[in-house]
Structure formats: structure tokens, C-alpha cells
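Worksheet: the structure to be examined is printed underneath.
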Amino acid sequence: MTDDARPSGPLDGLVVADFSRILAGPYATMLMADMGAEVIKVESPGGDDTRTWVPPTRDGVSTYYLSINRNKRSIALDLRDPADLEVAREIAARADVLIENFKPGGLAKYGLDHASVSAVNPGIVYASISGFGSGGGAHLPGYDLMVQAISGLMSLTGSPDGQPFRAGISVFDVVTGMHALIGILSALHERAASGVGQHVEVNLLSSALSGLVNQTAAYVAGGAVPSRMGNAHPSLFPYEPLPASDGDIIVIAGNDRQFATLCDALGAPHLAEDPRFATVGDRTANREELRPLLVERLGERTRAEWFDLLIKAGVPAGPINTVAEGVEFADGLGLRPVVEVGEGDAAVPLVRNPLTFSRSGIRYDLPPPRVGEHSDEVRAWLDGLAERGDA
């Protein structure tokens with residue numbers, strides 16, 4: 001099923017059976033497909049739920065679905081149908097990797113759980129994604145918003161005197177997808193030596209607690225329970241939006257040297273010499289005294305003027321962009337954030353894979369598939385393997 005004309009990717013030759021839906025699993029498998037893996041997206045006849053998550057759409061297709069399903073081939077299978085189930089089992093038997101996000105134990109009745117698949121395919125790396133693990137949380141549905149609430153993230157997001165807010169994206173689905181990919185690639189590395197696969201498990205809540213990094217460490221290592229601080233940072237100041245003459249700009253001083261440079265750029269070098277603001281800890285403790293002194297200086301110029309001046313001085317700073325402006329900013333830096341996936345009228349503009357390799361390529365040849373678009377092709381591939389007697 002491969003295209004010899006496309007650039008060789010670091011995962012070329014790898015076959016991935018993708019039994020996942022929604023976001024975490026499909027995001028992980030899309031990254032693998034971009035890097036050359038042959039990803040077979042096994043869908044129910046109704047398709048992945050995200051196909052129905054609208055608006056917005058492009059040509060009637062959910063942009064949510066489009067964002068995480070390029071470079072895959074779709075086969076539609078009803079696992080309750082014995083013939084379709086046999087095809088699903090054959091795909092699993094031929095795969096190097098299987099990734100799924102059914103409720104823990106949900107695939108056992110189909111003979112597609114890790115124990116059943118590894119019995120006939122001992123080399124498989126089998127990855128399971130759940131919301132809350134396969135133990136006491138196995139019965140809980142795994143939705144990102146639930147995990148944002150339960151993990152504590154929402155308690156950190158929003159103004160101190162306002163209500164908790166969700167993040168603007170399903171952040172823990174994305175983090176969990178990346179954790180799943182790290183686990184899969186690690187297991188593949190180990191398989192190269194042992195010849196045997198293994199079961200990789202990851203759940204949204206554990207990924208969330210890991211992804212909260214300094215905030216969870218504040219509690220487990222320091223005994224402090226973090227709380228909402230709006231745009232403020234618990235351990236650094238300045239590290240937040242501050243008002244220029246025409247609106248807010250992000251201003252950062254991550255260490256004492258950067259703070260001294262900022263003060264010079266603002267025309268207030270004496271602030272860096274003030275004992276109240278001499279160190280990171282001092283500035284954090286005395287932020288309410290320091291903030292109006294910085295705001296007074298920042299009010300003398302526009303956001304654009306300060307951005308140019310501060311960056312030239314070596315001070316981290318930036319505008320608060322819309323998503324459109326963020327894409328345009330990246331394009332202005334030559335990062336080419338948008339790629340056309342597919343060819344001709346079927347091509348879809350999507351966001352570029354963030355990875356580059358010095359020798360290997362990233363591919364963008366298959367637009368996100370229609371439900372079951374490649375069913376015949378996948379079945380023909382399986383028949384060909386059977387005729388050749390490939391293991």
C-alpha cells in the first residue's frame with residue numbers, strides 16, 4: 001500500500017492498526033503516518049465521532065476530524081459482524097502496532113484485546129489509551145474536559161475572583177497522544193533487541209498530572225495547593241501581559257540578567273538595583289510594588305514599538321495574537337506552517353508536522369479519508385499477504 005515516489009520517512013515499513021477515535025489516539029497515529037508509517041484507520045460504518053463535530057467545516061467535513069487524520073487509510077468494519085471481525089483480527093495479526101481507546105477490557109469480547117492479539121502476533125506493540133486507567137477508574141468515560149476538571153487544571157485557569165475555565169483546546173488529549181507515541185516508539189526500540197512486543201498503557205489523568213509539571217510538584221513536593229492567578233506566574237515576575245499605550249504585550253524576565261536588560265530597555269536601570277527587585281524571589285514577592293513601575297514605562301510606547309525594542313534588546317516579549325495572526329506570524333518567520341495534503345481538487349490545507357529530520361522526510365500525500373474509503377484496498381492487501389504466505 002506504499003507509494004515509492006514519496007520521501008522516505010523514519011517510520012517507513014511500520015504497519016499501524018488504528019482502532020482509536022476522537023483525539024488522543026488519532027493525533028498519535030497521524031504523527032506516525034506523517035513519519036512514514038502505514039496507518040489503517042479501522043472505523044465503524046458510522047465513522048469516527050469527530051466527523052460530526054461541527055462547525056467549522058471544509059467542503060462539508062468537520063475541520064476537527066481533518067486536523068488529526070491525514071495520511072491514513074480508512075476501512076469500515078462492524079465488529080459485531082463475524083466477517084468484518086475476522087478482517088479486523090487479520091489486520092491486528094499483520095500490524096507492528098495496534099492503538100486503541102476503547103473502555104478498558106472493551107475489546108476482549110471481540111478477541112482484539114492485548115492477550116488475544118499478542119498470542120497470534122507476539123511482536124506487536126499494543127497501546128491502550130483510557131481516561132482514568134484500567135483499575136479503579138476503568139468505568140469512567142475519558143473526556144478531556146472531565147480530566148481538566150478532575151486533575152485540577154481548571155482550578156488554575158481564570159481570574160482569581162472568577163470561575164474556573166477550561167483550556168482553549170483539549171490539552172490533555174494532545175499530551176496523552178504524545179505520551180502514547182513516546183511509549184510506542186520506546187517499545188519498538190526495545191522490540192528491536194528482544195523481538196517481542198509489549199502492552200503500553202497511558203491514561204488522560206496520569207498524563208494530566210505529569211503535564212501540570214510545576215503545579216503538581218508544588219503540592220506533592222512543597223505541600224502548597226496552587227490556585228488561579230489569572231495571567232500571572234506563581235514563581236516569576238514579570239511573566240504576563242502588561243499594558244502598553246495601545247493594549248497588552250507579553251513581557252518576560254526569566255532571570256536576573258533578563259530583568260536588568262528589561263530595565264535598561266525601559267529607561268529605568270535603577271529598578272534592577274532596587275533591593276526589593278534584586279532576585280527572582282524578590283520580584284515575585286514584591287510584584288504588586290513592581291508592576292505599576294513597569295506599567296508606567298510601558299505606557300510610553302505602543303505594543304509594536306515595544307515588541308521591536310525589547311526583542312532587539314534580548315528581552316522575551318510578544319504580541320497577543322489571534323489564531324489567524326499566530327499562523328501568519330509563523331509564516332512570516334519562514335516556518336511554512338500550512339501544507340497542502342493530497343493533490344489537485346482533493347488537497348486539504350492543514351498544519352505542518354512540527355518535526356524535521358536531516359535525512360528523512362515527512363509526507364503529506366493522503367488527505368483525511370472518507371469513512372471506509374480504502375476498504376477494498378486494505379482487503380486486497382490482506383489477501384495478497386495470505387496468497388504469498390507472509391507471516
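By convention in this document, the chains of the C-alpha cells carry letters A, B, ... by their order, each chain's residues are numbered from 1, and ligands are numbered from 1 in the order they are shown.
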Mind dumping a table of every range 61-151 of chain A residue within 12 Å of range 7-18 of chain A, with the nearest atom pair and its distance in Å to one decimal, using only C-alpha atoms, sorted by chain and rising number, as CSV?
residue,atom,partner,partner_atom,distance
A:Asn69,CA,A:Asp18,CA,10.7
A:Asn71,CA,A:Val16,CA,11.9
A:Lys72,CA,A:Asp18,CA,9.2
A:Arg73,CA,A:Asp18,CA,9.7
A:Ser74,CA,A:Asp18,CA,9.3
A:Ile75,CA,A:Asp18,CA,10.2
A:Ala76,CA,A:Asp18,CA,11.9
A:Val87,CA,A:Ala17,CA,11.6
A:Ala88,CA,A:Ala17,CA,8.9
A:Arg89,CA,A:Ala17,CA,10.1
A:Glu90,CA,A:Ala17,CA,10.2
A:Ile91,CA,A:Ala17,CA,6.6
A:Ala92,CA,A:Ala17,CA,6.2
A:Ala93,CA,A:Ala17,CA,9.4
A:Arg94,CA,A:Val15,CA,7.7
A:Ala95,CA,A:Val15,CA,5.0
A:Asp96,CA,A:Val15,CA,5.3
A:Val97,CA,A:Val16,CA,4.7
A:Leu98,CA,A:Ala17,CA,4.6
A:Ile99,CA,A:Asp18,CA,5.2
A:Glu100,CA,A:Asp18,CA,6.5
A:Asn101,CA,A:Asp18,CA,9.5
A:Phe102,CA,A:Asp18,CA,11.5
A:Leu112,CA,A:Ala17,CA,11.1
A:Val117,CA,A:Ala17,CA,11.5
A:Ile124,CA,A:Val16,CA,9.7
A:Val125,CA,A:Val16,CA,9.4
A:Tyr126,CA,A:Ala17,CA,9.4
A:Ala127,CA,A:Asp18,CA,9.8
A:Ser128,CA,A:Asp18,CA,10.8
A:Ile129,CA,A:Asp18,CA,11.7
Residues just named, written with C-alpha atoms as a compact mmCIF listing (two decimals), in the first residue's frame:
# COMPACT_ATOMS: atom_id res chain seq x y z
CA ASN A 69 -6.47 12.14 10.34
CA ASN A 71 -2.03 10.17 5.74
CA LYS A 72 -4.29 7.30 6.87
CA ARG A 73 -6.32 4.69 5.05
CA SER A 74 -9.83 4.03 6.35
CA ILE A 75 -11.60 0.70 6.42
CA ALA A 76 -15.16 0.48 7.73
CA VAL A 87 -10.87 -8.80 8.85
CA ALA A 88 -10.19 -6.70 11.96
CA ARG A 89 -8.38 -9.61 13.58
CA GLU A 90 -6.33 -10.17 10.44
CA ILE A 91 -5.28 -6.50 10.41
CA ALA A 92 -4.20 -6.82 14.04
CA ALA A 93 -2.30 -10.01 13.25
CA ARG A 94 -0.36 -8.23 10.47
CA ALA A 95 0.38 -5.00 12.34
CA ASP A 96 3.51 -3.86 14.11
CA VAL A 97 1.49 -1.52 16.33
CA LEU A 98 -2.13 -1.52 17.47
CA ILE A 99 -3.52 1.53 19.24
CA GLU A 100 -6.98 1.64 20.82
CA ASN A 101 -9.01 3.76 23.20
CA PHE A 102 -11.99 1.56 23.98
CA LEU A 112 -8.91 -7.89 19.95
CA VAL A 117 -3.72 -10.27 19.68
CA ILE A 124 3.04 -6.40 18.33
CA VAL A 125 3.33 -3.21 20.33
CA TYR A 126 -0.19 -2.81 21.67
CA ALA A 127 -1.07 0.65 23.02
CA SER A 128 -4.17 1.31 25.13
CA ILE A 129 -5.39 4.82 25.92
Original post:
Asp248 in chain A: which residues within 12 Å, counting only C-alpha atoms, same-chain residues fewer than 5 positions away excluded, as a ChimeraX atom specification?
Top reply: /A:231,240-243,295,298-299,301-304,306-307,317-321
Subject >> Residue nearest Val61 in chain A among A:Arg370, A:Arg388, A:Arg359, A:Arg291 (counting only C-alpha atoms) >> reply: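 Selected residue with least distance to Val61 in chain A: A:Arg370.
CA of Ala217 in chain A lies 26.1 Å from CA of Arg257 in chain A.
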Original post:
How would you write, as number ranges by chain, the set of residues in range 321-357 of chain A that DSSP gives as strand (DSSP E or B)?
Top reply: A: 338-341, 348-351
Extract, using only C-alpha atoms, all DNA, RNA and protein residues at most 9 Å from range 164-175 of chain A, discarding same-chain residues fewer than 4 positions from it, and format them as a PDB file with N, CA and C atoms, in the first residue's frame.
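File written: around-v7.pdb
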ATOM      1  N   LEU A  23      -9.530  12.026  19.692  1.00  0.00           N
ATOM      2  CA  LEU A  23      -8.365  12.897  19.542  1.00  0.00           C
ATOM      3  C   LEU A  23      -7.028  12.275  19.939  1.00  0.00           C
ATOM      4  N   ALA A  24      -6.890  11.763  21.155  1.00  0.00           N
ATOM      5  CA  ALA A  24      -5.570  11.344  21.633  1.00  0.00           C
ATOM      6  C   ALA A  24      -4.935  10.302  20.716  1.00  0.00           C
ATOM      7  N   GLY A  25      -5.667   9.211  20.445  1.00  0.00           N
ATOM      8  CA  GLY A  25      -5.142   8.162  19.573  1.00  0.00           C
ATOM      9  C   GLY A  25      -4.935   8.623  18.146  1.00  0.00           C
ATOM     10  N   TYR A  27      -4.407  11.556  17.002  1.00  0.00           N
ATOM     11  CA  TYR A  27      -3.296  12.502  16.911  1.00  0.00           C
ATOM     12  C   TYR A  27      -1.968  11.747  16.887  1.00  0.00           C
ATOM     13  N   ALA A  28      -1.830  10.746  17.767  1.00  0.00           N
ATOM     14  CA  ALA A  28      -0.601   9.952  17.797  1.00  0.00           C
ATOM     15  C   ALA A  28      -0.382   9.222  16.472  1.00  0.00           C
ATOM     16  N   TYR A 143     -13.095  11.816  28.777  1.00  0.00           N
ATOM     17  CA  TYR A 143     -13.240  13.062  28.021  1.00  0.00           C
ATOM     18  C   TYR A 143     -12.304  14.119  28.600  1.00  0.00           C
ATOM     19  N   ASP A 144     -11.671  14.872  27.719  1.00  0.00           N
ATOM     20  CA  ASP A 144     -10.670  15.837  28.134  1.00  0.00           C
ATOM     21  C   ASP A 144     -11.226  16.826  29.156  1.00  0.00           C
ATOM     22  N   LEU A 145     -12.433  17.312  28.951  1.00  0.00           N
ATOM     23  CA  LEU A 145     -12.995  18.295  29.868  1.00  0.00           C
ATOM     24  C   LEU A 145     -13.125  17.721  31.272  1.00  0.00           C
ATOM     25  N   VAL A 147     -11.189  15.523  32.570  1.00  0.00           N
ATOM     26  CA  VAL A 147      -9.847  15.438  33.131  1.00  0.00           C
ATOM     27  C   VAL A 147      -9.310  16.825  33.479  1.00  0.00           C
ATOM     28  N   GLN A 148      -9.638  17.830  32.669  1.00  0.00           N
ATOM     29  CA  GLN A 148      -9.238  19.188  33.029  1.00  0.00           C
ATOM     30  C   GLN A 148      -9.828  19.576  34.386  1.00  0.00           C
ATOM     31  N   ALA A 149     -11.063  19.162  34.619  1.00  0.00           N
ATOM     32  CA  ALA A 149     -11.713  19.475  35.898  1.00  0.00           C
ATOM     33  C   ALA A 149     -11.136  18.635  37.035  1.00  0.00           C
ATOM     34  N   LEU A 153      -6.539  21.292  36.659  1.00  0.00           N
ATOM     35  CA  LEU A 153      -6.178  22.346  35.705  1.00  0.00           C
ATOM     36  C   LEU A 153      -7.160  23.498  35.733  1.00  0.00           C
ATOM     37  N   MET A 154      -8.464  23.186  35.760  1.00  0.00           N
ATOM     38  CA  MET A 154      -9.453  24.269  35.721  1.00  0.00           C
ATOM     39  C   MET A 154      -9.375  25.153  36.970  1.00  0.00           C
ATOM     40  N   SER A 155      -8.916  24.596  38.072  1.00  0.00           N
ATOM     41  CA  SER A 155      -8.766  25.409  39.282  1.00  0.00           C
ATOM     42  C   SER A 155      -7.644  26.425  39.138  1.00  0.00           C
ATOM     43  N   LEU A 156      -6.792  26.232  38.104  1.00  0.00           N
ATOM     44  CA  LEU A 156      -5.657  27.128  37.871  1.00  0.00           C
ATOM     45  C   LEU A 156      -5.924  28.125  36.753  1.00  0.00           C
ATOM     46  N   THR A 157      -7.044  27.966  36.052  1.00  0.00           N
ATOM     47  CA  THR A 157      -7.284  28.723  34.830  1.00  0.00           C
ATOM     48  C   THR A 157      -8.425  29.701  35.021  1.00  0.00           C
ATOM     49  N   GLY A 158      -8.128  30.993  34.857  1.00  0.00           N
ATOM     50  CA  GLY A 158      -9.114  32.038  35.046  1.00  0.00           C
ATOM     51  C   GLY A 158      -8.621  33.063  36.052  1.00  0.00           C
ATOM     52  N   SER A 159      -9.405  34.082  36.272  1.00  0.00           N
ATOM     53  CA  SER A 159      -9.023  35.129  37.208  1.00  0.00           C
ATOM     54  C   SER A 159      -9.220  34.658  38.638  1.00  0.00           C
ATOM     55  N   PRO A 160      -8.466  35.209  39.596  1.00  0.00           N
ATOM     56  CA  PRO A 160      -8.544  34.741  40.983  1.00  0.00           C
ATOM     57  C   PRO A 160      -9.946  34.831  41.578  1.00  0.00           C
ATOM     58  N   HIS A 179       2.305  11.252  24.755  1.00  0.00           N
ATOM     59  CA  HIS A 179       2.828  10.240  25.674  1.00  0.00           C
ATOM     60  C   HIS A 179       2.664   8.839  25.080  1.00  0.00           C
ATOM     61  N   ALA A 180       1.517   8.584  24.451  1.00  0.00           N
ATOM     62  CA  ALA A 180       1.308   7.284  23.817  1.00  0.00           C
ATOM     63  C   ALA A 180       2.353   7.034  22.742  1.00  0.00           C
ATOM     64  N   LEU A 204      -5.458   9.572  30.493  1.00  0.00           N
ATOM     65  CA  LEU A 204      -5.518  11.030  30.465  1.00  0.00           C
ATOM     66  C   LEU A 204      -5.187  11.654  31.817  1.00  0.00           C
ATOM     67  N   LEU A 205      -5.670  11.054  32.912  1.00  0.00           N
ATOM     68  CA  LEU A 205      -5.436  11.669  34.210  1.00  0.00           C
ATOM     69  C   LEU A 205      -3.960  11.633  34.585  1.00  0.00           C
ATOM     70  N   SER A 207      -1.455  11.482  32.520  1.00  0.00           N
ATOM     71  CA  SER A 207      -0.793  12.425  31.634  1.00  0.00           C
ATOM     72  C   SER A 207      -1.035  13.859  32.084  1.00  0.00           C
ATOM     73  N   ALA A 208      -2.242  14.134  32.563  1.00  0.00           N
ATOM     74  CA  ALA A 208      -2.560  15.476  33.043  1.00  0.00           C
ATOM     75  C   ALA A 208      -1.707  15.844  34.251  1.00  0.00           C
ATOM     76  N   GLY A 211       1.659  16.469  33.083  1.00  0.00           N
ATOM     77  CA  GLY A 211       1.714  17.679  32.275  1.00  0.00           C
ATOM     78  C   GLY A 211       1.520  18.957  33.062  1.00  0.00           C
ATOM     79  N   ARG A 228      -5.873  29.828  41.160  1.00  0.00           N
ATOM     80  CA  ARG A 228      -5.959  30.691  39.985  1.00  0.00           C
ATOM     81  C   ARG A 228      -5.261  32.025  40.230  1.00  0.00           C
TER      82      ARG A 228
END
Original post:
Which polymer residues have any atom within 10 Å of an atom of Val225 in chain A, counting only C-alpha atoms, with same-chain residues fewer than 4 positions away left out, as JSON, numbers by chain?
Top reply: {"A": [152, 215, 216, 217, 218, 219, 220]}
Original post:
Where in range 226-382 of chain A does DSSP assign helix (DSSP H, G or I), given as JSON, numbers by chain?
Top reply: {"A": [256, 257, 258, 259, 260, 261, 262, 263, 264, 265, 270, 271, 272, 273, 275, 276, 277, 280, 281, 282, 283, 284, 285, 287, 288, 289, 290, 291, 292, 293, 294, 295, 296, 297, 298, 303, 304, 305, 306, 307, 308, 309, 310, 311, 312, 313, 323, 324, 325, 326, 327, 328, 329, 330, 331, 332, 344, 345, 346, 375, 376, 377, 378, 379, 380, 381, 382]}
**OP:** Between A:Ala386, A:Val251, A:Ile68, A:Ile362, single out the one closest to Ala37 in chain A, counting only C-alpha atoms.
**Re:** A:Ile362
**OP:** Would you work out the distance separating CA of Ala324 in chain A from CA of Val348 in chain A, expressed in Å to one decimal?
**Re:**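 We find that CA of Ala324 in chain A and CA of Val348 in chain A lie 17.2 Å from each other.
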